[in-house]
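S.K.: Input structure: data.txt, which contains compact mmCIF, C-alpha atoms and all ligand atoms.
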```
# COMPACT_ATOMS: atom_id res chain seq x y z
CA MET A 1 49.57 110.74 111.78
CA SER A 2 50.86 114.15 110.82
CA GLN A 3 54.52 113.44 110.28
CA GLY A 4 55.65 116.52 108.44
CA HIS A 5 59.31 117.41 108.74
CA LEU A 6 60.88 116.67 112.10
CA LEU A 7 63.78 119.06 112.57
CA THR A 8 64.06 118.69 116.33
CA PRO A 9 67.12 117.67 118.34
CA GLY A 10 65.53 114.38 119.27
CA PRO A 11 63.62 112.43 118.32
CA THR A 12 64.87 112.58 114.75
CA PRO A 13 63.44 110.87 111.63
CA LEU A 14 63.99 107.16 111.12
CA PRO A 15 65.67 105.82 107.96
CA PRO A 16 63.61 103.20 106.05
CA GLN A 17 66.08 100.45 106.98
CA VAL A 18 65.54 101.20 110.67
CA ARG A 19 61.75 101.25 110.28
CA GLU A 20 61.83 97.93 108.48
CA ALA A 21 63.97 96.38 111.23
CA LEU A 22 61.63 97.68 113.92
CA GLY A 23 58.75 95.86 112.25
CA ARG A 24 60.39 92.44 112.33
CA GLN A 25 59.18 89.60 114.55
CA ILE A 26 60.97 89.53 117.90
CA ILE A 27 63.63 86.92 118.70
CA HIS A 28 64.74 85.73 122.12
CA HIS A 29 67.66 87.57 123.66
CA ARG A 30 69.38 84.59 125.30
CA THR A 31 70.28 82.98 121.98
CA ALA A 32 73.42 82.69 119.87
CA GLU A 33 71.61 84.52 117.07
CA TYR A 34 70.88 87.55 119.26
CA ARG A 35 74.32 87.57 120.86
CA ALA A 36 75.92 87.73 117.41
CA ILE A 37 73.78 90.75 116.55
CA PHE A 38 74.55 92.39 119.90
CA LYS A 39 78.26 91.85 119.37
CA ARG A 40 78.12 93.50 115.93
CA VAL A 41 76.19 96.45 117.34
CA ILE A 42 78.71 96.98 120.14
CA SER A 43 81.67 96.78 117.80
CA GLY A 44 79.92 99.12 115.35
CA MET A 45 79.22 101.54 118.19
CA GLN A 46 82.90 101.48 119.13
CA GLN A 47 83.65 102.75 115.62
CA VAL A 48 80.91 105.37 115.76
CA MET A 49 82.10 106.48 119.20
CA ARG A 50 85.74 106.50 118.03
CA THR A 51 86.94 104.21 120.78
CA SER A 52 88.40 100.79 121.39
CA GLN A 53 87.23 100.88 125.04
CA SER A 54 84.24 98.93 126.28
CA VAL A 55 80.86 100.18 125.13
CA VAL A 56 77.91 99.37 127.37
CA ALA A 57 74.30 99.38 126.13
CA LEU A 58 71.54 100.43 128.54
CA THR A 59 67.79 100.28 128.08
CA SER A 60 66.82 103.87 128.90
CA SER A 61 66.80 107.29 127.34
CA GLY A 62 70.08 109.20 127.39
CA THR A 63 69.55 110.52 130.91
CA GLY A 64 69.71 106.95 132.20
CA ALA A 65 73.30 106.74 130.97
CA MET A 66 74.05 110.09 132.62
CA GLU A 67 72.68 108.73 135.89
CA ALA A 68 74.66 105.51 135.38
CA ALA A 69 77.85 107.56 134.99
CA VAL A 70 77.23 109.48 138.21
CA VAL A 71 76.28 106.50 140.39
CA ASN A 72 79.02 104.22 139.05
CA LEU A 73 81.98 106.59 139.03
CA LEU A 74 81.43 108.37 142.32
CA SER A 75 80.50 107.74 145.93
CA PRO A 76 78.45 110.11 148.09
CA GLY A 77 80.74 112.87 149.34
CA ASP A 78 83.09 112.61 146.36
CA LYS A 79 83.90 115.79 144.51
CA ALA A 80 83.02 116.40 140.87
CA ILE A 81 83.55 119.39 138.59
CA VAL A 82 80.57 120.20 136.37
CA LEU A 83 81.00 122.35 133.26
CA LEU A 84 77.78 124.36 132.88
CA GLY A 85 76.39 126.48 130.06
CA GLY A 86 72.92 125.09 129.40
CA LYS A 87 69.94 123.07 130.54
CA PHE A 88 71.53 119.70 129.83
CA ALA A 89 74.81 120.46 131.60
CA GLU A 90 72.70 121.47 134.61
CA ARG A 91 71.39 117.90 134.62
CA TRP A 92 74.90 116.72 135.62
CA GLN A 93 74.78 119.12 138.54
CA LYS A 94 71.32 117.90 139.63
CA LEU A 95 72.28 114.24 139.33
CA CYS A 96 75.41 114.75 141.42
CA GLN A 97 73.47 116.66 144.06
CA VAL A 98 70.69 114.05 144.26
CA TYR A 99 73.28 111.38 145.08
CA GLY A 100 75.15 113.53 147.60
CA MET A 101 78.31 114.34 145.68
CA LYS A 102 80.12 117.65 146.18
CA VAL A 103 79.90 119.78 143.07
CA VAL A 104 82.28 122.46 141.84
CA LEU A 105 80.74 124.52 139.06
CA VAL A 106 82.53 126.05 136.08
CA ASN A 107 79.94 128.36 134.60
CA VAL A 108 79.53 130.26 131.35
CA ALA A 109 76.60 132.30 130.05
CA TYR A 110 74.05 130.49 127.90
CA GLY A 111 75.28 130.65 124.32
CA ASP A 112 78.96 130.68 125.31
CA ALA A 113 81.37 127.75 125.29
CA VAL A 114 83.27 126.65 128.36
CA ASP A 115 86.70 128.27 128.71
CA PRO A 116 89.38 125.53 128.92
CA ALA A 117 91.49 127.84 131.15
CA ALA A 118 88.63 127.91 133.67
CA VAL A 119 88.61 124.09 133.69
CA ASP A 120 92.35 124.14 134.31
CA LYS A 121 91.87 126.54 137.23
CA ALA A 122 89.08 124.43 138.75
CA LEU A 123 91.22 121.30 138.52
CA ARG A 124 94.19 123.06 140.16
CA GLU A 125 91.99 124.37 142.96
CA ASN A 126 90.34 120.98 143.42
CA PRO A 127 93.01 118.31 143.06
CA ASP A 128 90.66 115.91 144.89
CA ALA A 129 87.99 116.11 142.16
CA LYS A 130 87.40 112.62 140.80
CA VAL A 131 85.33 113.42 137.75
CA VAL A 132 84.81 116.30 135.32
CA PHE A 133 81.36 116.23 133.74
CA GLY A 134 80.95 118.11 130.45
CA THR A 135 78.81 118.24 127.34
CA LEU A 136 79.77 117.93 123.68
CA CYS A 137 76.77 119.65 122.09
CA GLU A 138 74.72 121.63 124.61
CA THR A 139 71.42 121.10 122.83
CA SER A 140 69.61 123.87 124.72
CA THR A 141 71.94 126.58 123.37
CA GLY A 142 73.31 124.95 120.21
CA VAL A 143 76.89 125.33 121.47
CA VAL A 144 79.56 122.70 120.83
CA HIS A 145 82.12 122.83 123.62
CA ASP A 146 85.84 122.41 122.95
CA ILE A 147 86.09 118.89 124.38
CA GLU A 148 89.47 118.31 122.78
CA ALA A 149 90.94 121.17 124.86
CA VAL A 150 89.02 120.15 127.99
CA ALA A 151 90.30 116.59 127.61
CA ALA A 152 93.91 117.72 127.16
CA ILE A 153 93.67 119.64 130.43
CA THR A 154 91.80 116.95 132.35
CA ARG A 155 94.28 114.28 131.25
CA LYS A 156 97.00 116.09 133.20
CA SER A 157 94.98 115.66 136.42
CA GLN A 158 93.69 112.74 138.48
CA ALA A 159 90.16 113.29 137.25
CA VAL A 160 88.22 111.20 134.78
CA LEU A 161 86.40 113.07 131.99
CA VAL A 162 82.76 112.21 131.28
CA ILE A 163 81.05 113.76 128.26
CA ASP A 164 77.35 113.95 127.44
CA ALA A 165 77.35 113.39 123.68
CA ILE A 166 73.66 112.52 123.56
CA SER A 167 72.97 115.00 120.78
CA GLY A 168 76.56 115.54 119.67
CA LEU A 169 77.47 112.02 118.66
CA ALA A 170 77.74 111.48 114.90
CA ALA A 171 77.23 115.22 114.31
CA ASP A 172 80.08 116.99 116.11
CA LEU A 173 83.51 115.43 116.05
CA CYS A 174 84.31 113.51 119.21
CA GLU A 175 87.61 111.62 119.09
CA THR A 176 87.02 109.66 122.28
CA ASP A 177 90.32 107.77 122.44
CA ALA A 178 92.53 110.21 120.56
CA TRP A 179 91.44 113.11 122.78
CA GLY A 180 91.39 111.00 125.94
CA VAL A 181 87.72 111.19 126.92
CA ASP A 182 87.12 108.49 129.56
CA VAL A 183 83.37 108.15 129.34
CA VAL A 184 81.07 109.20 126.50
CA VAL A 185 77.33 108.83 127.02
CA THR A 186 74.78 108.93 124.25
CA GLY A 187 71.15 108.16 123.45
CA SER A 188 69.51 106.53 120.46
CA GLN A 189 67.04 109.17 119.27
CA LYS A 190 69.36 111.84 117.89
CA GLY A 191 72.36 111.30 115.62
CA LEU A 192 71.94 107.54 115.91
CA MET A 193 68.66 107.63 113.94
CA LEU A 194 66.69 105.33 116.25
CA PRO A 195 63.58 105.81 118.36
CA PRO A 196 64.20 106.80 121.99
CA GLY A 197 64.93 103.94 124.38
CA LEU A 198 68.58 102.97 124.09
CA ALA A 199 71.63 104.56 125.68
CA PHE A 200 75.29 103.72 125.14
CA MET A 201 78.35 104.61 127.12
CA SER A 202 82.03 104.06 126.46
CA VAL A 203 84.11 103.37 129.57
CA SER A 204 87.91 103.68 129.73
CA GLN A 205 90.22 101.65 131.98
CA ARG A 206 90.68 104.67 134.22
CA ALA A 207 86.92 104.99 134.54
CA TRP A 208 86.51 101.27 135.37
CA THR A 209 88.88 101.81 138.30
CA LEU A 210 86.43 104.36 139.69
CA VAL A 211 83.53 101.99 139.00
CA ASP A 212 85.21 99.37 141.16
CA GLN A 213 85.60 101.89 144.01
CA SER A 214 82.11 103.42 143.91
CA LYS A 215 79.91 102.90 146.96
CA THR A 216 76.79 104.64 145.67
CA PRO A 217 73.77 102.30 145.94
CA LYS A 218 72.52 101.14 142.53
CA PHE A 219 70.84 98.14 140.99
CA TYR A 220 69.59 98.41 137.41
CA PHE A 221 72.40 100.72 136.34
CA ASP A 222 75.22 98.77 138.00
CA LEU A 223 77.93 98.86 135.32
CA LYS A 224 79.77 95.95 136.92
CA LEU A 225 76.85 93.74 135.85
CA SER A 226 77.02 95.17 132.33
CA ARG A 227 80.77 94.54 132.18
CA LYS A 228 80.32 90.92 133.19
CA SER A 229 77.52 90.33 130.65
CA LEU A 230 79.49 92.06 127.91
CA GLU A 231 82.07 89.27 128.08
CA GLN A 232 79.26 86.97 126.87
CA ASP A 233 77.97 89.56 124.31
CA ASP A 234 74.97 89.85 126.56
CA THR A 235 73.12 92.29 128.81
CA PRO A 236 72.30 91.73 132.51
CA PHE A 237 68.55 92.33 132.04
CA THR A 238 66.24 91.78 129.08
CA SER A 239 67.84 93.53 126.15
CA ALA A 240 65.84 96.02 124.08
CA VAL A 241 65.86 93.39 121.34
CA SER A 242 64.04 95.28 118.58
CA LEU A 243 65.96 98.49 119.20
CA ILE A 244 69.29 96.67 119.13
CA ILE A 245 68.32 94.95 115.88
CA ALA A 246 67.33 98.30 114.39
CA GLN A 247 70.54 99.81 115.77
CA GLU A 248 72.51 97.39 113.62
CA GLU A 249 70.87 98.94 110.54
CA ALA A 250 71.54 102.48 111.75
CA VAL A 251 75.18 101.74 112.57
CA LYS A 252 75.56 100.16 109.14
CA LEU A 253 74.24 103.33 107.48
CA LEU A 254 76.77 105.43 109.40
CA LEU A 255 79.72 103.13 108.80
CA ASP A 256 78.88 102.60 105.11
CA LEU A 257 79.13 106.36 104.70
CA GLY A 258 82.19 106.38 106.93
CA MET A 259 82.48 108.62 110.00
CA PRO A 260 84.56 111.32 108.21
CA GLU A 261 81.76 111.62 105.63
CA VAL A 262 79.11 111.67 108.39
CA PHE A 263 80.90 114.60 110.02
CA ARG A 264 81.44 116.35 106.67
CA ARG A 265 77.75 116.10 105.85
CA SER A 266 76.62 117.41 109.20
CA ALA A 267 79.08 120.28 108.93
CA ILE A 268 77.64 121.24 105.55
CA MET A 269 74.05 120.98 106.83
CA ALA A 270 75.00 123.23 109.74
CA GLN A 271 76.71 125.77 107.47
CA ALA A 272 73.62 125.86 105.27
CA ALA A 273 71.34 126.36 108.27
CA ARG A 274 73.47 129.18 109.67
CA ALA A 275 73.93 130.93 106.30
CA SER A 276 70.21 130.78 105.55
CA MET A 277 69.18 132.28 108.88
CA GLN A 278 71.76 135.07 108.59
CA ALA A 279 70.56 135.79 105.07
CA LEU A 280 67.13 136.45 106.59
CA GLY A 281 68.63 139.07 108.88
CA LEU A 282 68.57 136.80 111.92
CA THR A 283 71.43 136.27 114.35
CA LEU A 284 72.76 133.05 115.84
CA PHE A 285 72.52 132.36 119.57
CA ALA A 286 75.52 130.04 119.90
CA LYS A 287 79.00 131.57 119.95
CA ARG A 288 80.52 128.20 119.02
CA PRO A 289 77.78 126.54 116.96
CA SER A 290 77.24 122.80 116.84
CA ASN A 291 76.96 120.81 113.62
CA GLY A 292 73.88 119.04 114.98
CA VAL A 293 71.59 121.91 115.87
CA THR A 294 71.42 125.61 115.01
CA SER A 295 69.99 128.01 117.56
CA VAL A 296 68.61 131.25 116.19
CA ASN A 297 67.54 134.44 117.94
CA ALA A 298 64.02 135.51 117.06
CA PRO A 299 63.91 139.11 115.74
CA SER A 300 63.64 141.54 118.68
CA GLY A 301 60.06 141.91 119.82
CA MET A 302 58.97 138.67 118.13
CA ASP A 303 57.85 135.70 120.23
CA ALA A 304 59.77 132.66 118.97
CA LYS A 305 56.89 130.48 120.17
CA LYS A 306 54.54 132.16 117.68
CA LEU A 307 57.05 131.52 114.93
CA THR A 308 57.43 127.82 115.72
CA LYS A 309 53.66 127.40 116.09
CA ILE A 310 53.05 128.83 112.60
CA MET A 311 55.80 126.58 111.22
CA TRP A 312 54.05 123.51 112.56
CA ASP A 313 50.41 124.52 112.07
CA LYS A 314 50.78 125.81 108.53
CA HIS A 315 53.82 124.03 107.15
CA LYS A 316 54.12 120.84 109.21
CA VAL A 317 57.70 121.69 110.08
CA MET A 318 58.63 120.95 113.68
CA VAL A 319 61.57 122.79 115.17
CA ALA A 320 62.41 123.25 118.85
CA GLY A 321 61.84 126.40 120.86
CA GLY A 322 63.98 127.76 123.68
CA GLN A 323 64.16 126.12 127.09
CA GLY A 324 64.17 127.91 130.45
CA GLU A 325 65.09 131.57 130.19
CA MET A 326 65.61 131.16 126.42
CA GLU A 327 61.91 130.30 125.99
CA GLY A 328 60.24 132.59 123.45
CA LYS A 329 63.59 134.12 122.53
CA ILE A 330 65.22 131.48 120.35
CA PHE A 331 64.28 128.59 118.12
CA ARG A 332 66.45 125.64 117.27
CA ILE A 333 66.68 123.83 113.93
CA ALA A 334 68.22 120.37 114.14
CA HIS A 335 70.09 118.83 111.22
CA MET A 336 71.48 115.67 112.80
CA GLY A 337 70.91 112.00 112.04
CA TYR A 338 68.50 111.27 109.20
CA ILE A 339 67.39 114.88 108.82
CA LEU A 340 68.04 115.30 105.10
CA PRO A 341 68.81 118.33 102.91
CA GLU A 342 65.20 118.36 101.69
CA ASP A 343 63.97 118.56 105.29
CA LEU A 344 66.26 121.50 105.91
CA ILE A 345 64.99 123.20 102.74
CA ALA A 346 61.41 122.73 103.97
CA GLY A 347 62.50 124.12 107.33
CA ILE A 348 64.09 127.22 105.84
CA ALA A 349 61.05 127.83 103.63
CA ALA A 350 58.79 127.53 106.69
CA VAL A 351 60.93 130.00 108.67
CA GLU A 352 60.67 132.48 105.78
CA SER A 353 56.94 132.08 105.54
CA ALA A 354 56.36 132.39 109.29
CA LEU A 355 58.68 135.43 109.53
CA ALA A 356 56.75 137.12 106.74
CA GLU A 357 53.46 136.39 108.48
CA LEU A 358 54.78 137.94 111.69
CA GLY A 359 55.89 141.10 109.89
CA HIS A 360 59.67 140.65 109.81
CA SER A 361 61.12 142.35 106.74
CA PHE A 362 63.70 140.51 104.70
CA THR A 363 64.41 139.52 101.10
CA HIS A 364 62.07 136.67 100.30
CA GLY A 365 63.92 133.57 99.17
CA ALA A 366 67.24 134.80 100.58
CA GLY A 367 67.45 131.95 103.08
CA LEU A 368 66.92 129.25 100.49
CA LYS A 369 69.33 130.97 98.11
CA ALA A 370 72.07 131.08 100.77
CA ALA A 371 71.63 127.42 101.66
CA LYS A 372 71.40 126.02 98.15
CA PRO A 373 75.07 125.99 97.07
CA MET A 374 75.99 124.14 100.27
CA LEU A 375 73.19 121.63 100.15
CA ASP A 376 73.93 120.97 96.47
CA GLN A 377 77.28 119.57 97.61
CA LEU A 378 75.50 116.74 99.38
CA SER A 379 74.80 114.07 96.85
CA ALA A 380 71.40 112.58 97.52
CA GLU A 381 72.46 109.06 96.64
CA ALA A 382 75.09 108.90 99.41
CA VAL A 383 72.31 107.97 101.81
CA ARG A 384 70.25 105.15 100.38
CA ARG A 385 66.53 105.84 100.55
C1 LIG A 401 68.47 114.98 124.56
C2 LIG A 401 69.58 115.27 125.50
C3 LIG A 401 69.61 114.75 126.79
C4 LIG A 401 68.48 113.99 127.38
O1 LIG A 401 68.35 112.77 126.85
P1 LIG A 401 67.02 111.90 127.07
O2 LIG A 401 67.20 110.87 126.02
O3 LIG A 401 65.86 112.82 126.87
O4 LIG A 401 67.07 111.35 128.43
C5 LIG A 401 70.71 115.00 127.58
N1 LIG A 401 71.72 115.75 127.13
C6 LIG A 401 71.72 116.30 125.90
C7 LIG A 401 72.88 117.13 125.48
C8 LIG A 401 70.64 116.07 125.05
O5 LIG A 401 70.63 116.62 123.84
```
Please go through the file and, once you have read it, give me the structure as structure tokens.
M.R.:
Amino acid sequence: MSQGHLLTPGPTPLPPQVREALGRQIIHHRTAEYRAIFKRVISGMQQVMRTSQSVVALTSSGTGAMEAAVVNLLSPGDKAIVLLGGKFAERWQKLCQVYGMKVVLVNVAYGDAVDPAAVDKALRENPDAKVVFGTLCETSTGVVHDIEAVAAITRKSQAVLVIDAISGLAADLCETDAWGVDVVVTGSQKGLMLPPGLAFMSVSQRAWTLVDQSKTPKFYFDLKLSRKSLEQDDTPFTSAVSLIIAQEEAVKLLLDLGMPEVFRRSAIMAQAARASMQALGLTLFAKRPSNGVTSVNAPSGMDAKKLTKIMWDKHKVMVAGGQGEMEGKIFRIAHMGYILPEDLIAGIAAVESALAELGHSFTHGAGLKAAKPMLDQLSAEAVRR
């Protein structure tokens, strides 16, 4: 297998402790042993998600938890406000439309962050809106939205706030309880350092009230079943045993570092990524850049797809390209989860090399030089290898 350096916003590299756990013999899920593990994972996830509310585990990729939020909180015909600004936020819109909810859109251009005043206006104009759907890190643009401000505004209304933190969790700060975010959804393959396949969602009391009222048909993603099982430290259907066992290792890595340190490290990685790209004469796409992923404009006239292809073919560095209308125009370097300073250094070196090959003029080595003082701050031993 050609592993190389995976600097994509999911999946992200797996720490050795997680890989070891994934290789263990399976155990049965309806046992005291498994329930004890499950309980520790849920309580660890509460700390990672900065909440004392219930945390539900689902066997699906992150989108499954998004779908669960829509079908459990709303009924067909209910009104929801969707905060747009990228490909993933548009998924909220699609999900709501598929299930027959009425959608009010608050839009911003790709690369911009949602304006809290526009959320306030939408809530005033739509006092019957039951849910506001937003995104912490919009992975397609690299923007981190101001969820603290959005939450402060939403809290004054009837509506429940649901945030897609699938790529943002454990990279961009998300103070779920302190800010008053009712539901946070996330997936396992980004900041949580696991393979794809698990999703988690925190659910506040206010959100559970909506769950109890929802008439949307559902079966596998019925959160009332999850809530009942959770009382027994259990899941309604066969648990993703190996992933949950590995999740315990990943949660331990995060909590051993401590969440403030996790956020500090991702902020430094992001600063290094941004400084290095700017030192190469490139500009950033995101007006409010995330700590988990850096989106970079390709030099004018250069196809970003050519750049990313050279990076993989010649240097075994995988970054993400642009999605939708950003295809060919931007590339995205992730630095979340177990993406380490040395991966970022390899990534920056590969960008320099590919830019040179494509005829962009810049000072060779300037990217690495700009990143170095920041990355030097991150002591290698803080994350056990
Ligand atoms: C990755 C991602 C998703 C999709 O998650 P899947 O695990 O692919 O279903 C949704 N939203 C955001 C912000 C993401 O980064």
S.K.: Figure out the distance between atom CA of Val262 of chain A and atom CA of Val296 of chain A, please, to one decimal in Å.
M.R.: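 One can read the atom CA of Val296 of chain A to atom CA of Val262 of chain A distance as 23.5 Å.
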S.K.: Can I get the residues close to ligand LIG 401 (chain A) as a VMD selection string, where close means within 9 Å and we count all atoms listed in the file?
M.R.: chain A and resid 9 to 11 60 to 66 86 to 89 91 135 to 140 164 to 168 185 to 190 196 to 199
S.K.: Give the answer as one residue: which of A:Leu223, A:Ala286, A:Ala273, A:Val18 has the shortest atom-to-atom distance to Val114 of chain A, using only C-alpha atoms?
M.R.: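 Counting only C-alpha atoms, the residue closest to Val114 of chain A is A:Ala286.
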S.K.: If we count only C-alpha atoms and set the cut-off at 7 Å, which residues sit around Leu14 of chain A, ignoring sequence neighbours fewer than 4 positions away in its own chain? Please answer as a count of residues only.
M.R.: 5
S.K.: In Å, how far is it from atom CA of Val144 of chain A to atom CA of Val184 of chain A?
M.R.: 14.7 Å
S.K.: Record the distance separating atom CA of Asp233 of chain A and atom CA of Val211 of chain A, expressed in Å with one decimal.
M.R.: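 Atom CA of Val211 of chain A lies 20.0 Å from atom CA of Asp233 of chain A.
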S.K.: Given the choices A:Lys130, A:Arg265, A:Lys329, A:Lys39, which gets closest to Thr209 of chain A if the distance is worked out from only C-alpha atoms?
M.R.: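 Counting only C-alpha atoms, the residue closest to Thr209 of chain A is A:Lys130.
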S.K.: Counting all atoms listed in the file, which residue out of A:Asp146, A:Glu261, A:Glu175, A:Asp182 sits closest to Ile163 of chain A?
M.R.: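 With all atoms listed in the file as the atom set, the closest residue is A:Asp182.
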S.K.: Applying 10 Å and all atoms listed in the file, which residues near Asn291 of chain A remain after dropping the ones on its own chain fewer than 5 positions away? List them as JSON, numbers by chain.
M.R.: {"A": [137, 142, 143, 144, 168, 170, 171, 172, 173, 263, 264, 265, 266, 267, 268, 269, 270, 271, 273, 274, 334, 335, 336]}
S.K.: What's the 8 Å shell around Leu210 of chain A, counting all atoms listed in the file, without same-chain residues fewer than 5 positions away, as a list in words?
M.R.: Asn72, Leu73 and Leu74 of chain A
S.K.: For Ala279 of chain A, which residue out of A:Phe331, A:Phe362, A:Phe200, A:Phe38 is the nearest one, using only C-alpha atoms?
M.R.: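 Using only C-alpha atoms, the shortest distance to Ala279 of chain A belongs to A:Phe362.
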S.K.: Determine, counting all atoms listed in the file, which protein, DNA and RNA residues have an atom within 12 Å of an atom of segment 121-127 of chain A; residues of the same chain fewer than 4 positions away are not included. Present the result as number ranges by chain.
M.R.: A: 78-83, 102-107, 115-117, 131-132, 150-151, 153-161
S.K.: Compare A:Gln247, A:Ser204, A:Ser242, A:Thr141 by their minimum atom-to-atom distance to Arg288 of chain A, counting all atoms listed in the file, and give me the closest one.
M.R.: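 Among the listed residues, the smallest separation from Arg288 of chain A belongs to A:Thr141.
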S.K.: Find the residue from A:Phe133, A:Ala149, A:Val251, A:Gly180 that sits nearest to Arg40 of chain A; use only C-alpha atoms when measuring.
M.R.: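 Under the stated criterion, the closest residue is A:Val251.
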S.K.: Taking the point (76.5, 105.5, 115.7) as given in the file, collect each protein or nucleic acid residue that comes within 8 Å of it, counting all atoms listed in the file, and present the set as number ranges by chain.
M.R.: A: 44-45, 47-49, 169-170, 191-192, 250-251, 254-255
